[in-house]
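> Please read through the structure below; I'll follow up with questions.
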Amino acid sequence: MSWCYRVLNRYKYHLCASALGIALLDHKQQRSALQIANVQANVTAIISNDRFHLNPFQTLTARCKDDKESAGFEFIADAAEKALPAVVSIDVKQRQFVYEVQGSGSGFIVDKRGYIITNEHVVAGNKHVTVVFSDGSKLPGAVVAVDSRTDLALVKVESVDNLPEVMMGDDSKLRPGQWVVAIGNSLHFPNTVTAGIVSNTARSITDNEMLRYQAPKVGKSKYVQTDAAINPGSSGGPLVNLAGEVIAVNTMGILQNASGIAFSIPVSEVKRFLHEFSNEAKHKASGSKVTYSLGLRIITLTPGMAHFLHHKEKLDPSLTSGVFVFDTSRNSPAHKAGLVKGDVIIAVDNYEVHSKADLIESVQNCGGNPVRITFYRPDRGFLYIDITPGKS
């Protein structure tokens with residue numbers, strides 16, 4: 001029996017016992033400890049075999065060389081690597097009072113022909129944006145569709161190359177506790193990767209009293225809640241599973257009085273949005289156009305009308321613009337929902353309306369999806385109702 005065999009045989013139980021001590025180590029030590037455990041496991045395997053054809057240290061060295069340091073630990077990196085090439089930054093110009101400032105968000109390519117999904121609040125009413133790709137190249141982009149209800153927008157860039165596109169997942173298969181990876185342009189740092197778990201698969205923000213004040217920023221859908229960090233600039237970026245498939249669109253992180261709480265739009269809403277855009281494009285190609293209506297007889301609320309209604313105590317003193325309802329068509333969506341003569345509509349979904357044209361445009365942009373109408377009613381105050389527009 002060689003001296004090395006005697007030494008290993010003597011200390012094999014110490015090696016095995018120390019391997020069990022890994023569970024007592026803190027998080028920072030786990031990676032090194034697990035590497036040590038791999039060595040100890042190889043040693044144990046060697047000393048438990050009575051027949052040696054090679055020197056035990058040669059065998060141990062060979063096995064350690066075969067063990068990659070990252071084996072089994074880089075599932076987050078593997079998932080991010082699959083999605084990163086299709087993730088972009090989106091730069092927009094936003095007007096604040098008399099100043100024009102540069103804003104930014106994130107997005108991801110869903111079609112190699114140049115279609116990119118982002119948040120509606122990222123494009124912020126702009127018709128044109130600048131798209132920055134993962135390699136740093138830039139292209140101008142046009143906002144071709146928005147859905148205020150779900151806070152989604154579609155941007156199109158013209159490229160001669162086939163662009164990398166993400167793989168779409170299935171949010172119906174999500175489970176609380178499942179690993180997810182968020183990618184985006186956090187605080188103007190492009191290609192930022194964060195990771196966490198799914199905290200809830202169908203969270204309603206508007207049902208939460210603490211978050212209700214933020215709900216108009218992100219619509220009223222059910223959201224995927226995660227503890228992956230979603231910071232300003234991450235909005236519009238993908239939330240992916242460990243297969244690198246997009247399962248949600250990052251839209252909002254809670255920055256004050258909380259940590260580890262963020263919300264993303266399920267990918268099923270993205271698929272619906274893209275399907276509706278495709279159908280609308282087909283209608284335009286065939287020369288037909290679908291229009292939508294609430295079934296209202298309305299007029300723009302002028303300053304003179306507002307002054308008169310203030311005098312009659314039929315309008316809140318804070319309101320000086322909006323859309324006045326004269327009447328509703330019988331059996332129309334507005335009639336069935338309960339709008340009546342004298343109501344003053346002030347917002348559709350996330351957008352204020354100051355004129356009849358504003359209201360018509362907002363309803364048309366919804367694509368036939370339900371919209372939230374905020375209005376003022378004399379003697380009742382500010383109210384809201386959800387109405388599904390009809391085709392006209």
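Here's how to read the names in the structure tokens: chain A, B, ... by the order shown, residue numbers from 1 in each chain, ligand numbers from 1 in the order shown.
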Excluding same-chain residues fewer than 4 positions from region 192-205 of chain A, what lies within 7 Å of it counting only C-alpha atoms, as a PyMOL selection string?
chain A and resi 174-186+211-212+215+221-229
> If we count only C-alpha atoms, what is near Glu81 (chain A) at a cut-off of 12 Å, once residues fewer than 3 positions away on the same chain are taken out, given as a PyMOL selection string?
chain A and resi 74-78+84-87+134+166+181-183+191-193+240-245
> For Asp147 (chain A), please output as number ranges by chain all residues within 7 Å (counting only C-alpha atoms; exclusion window: fewer than 3 positions along the same chain).
A: 120, 150-153, 366
> Neighbours of Pro303 (chain A) within 7 Å (only C-alpha atoms; same-chain residues fewer than 2 positions away dropped), as an MDAnalysis selection string?
chainID A and resid 301 305:307 320:321
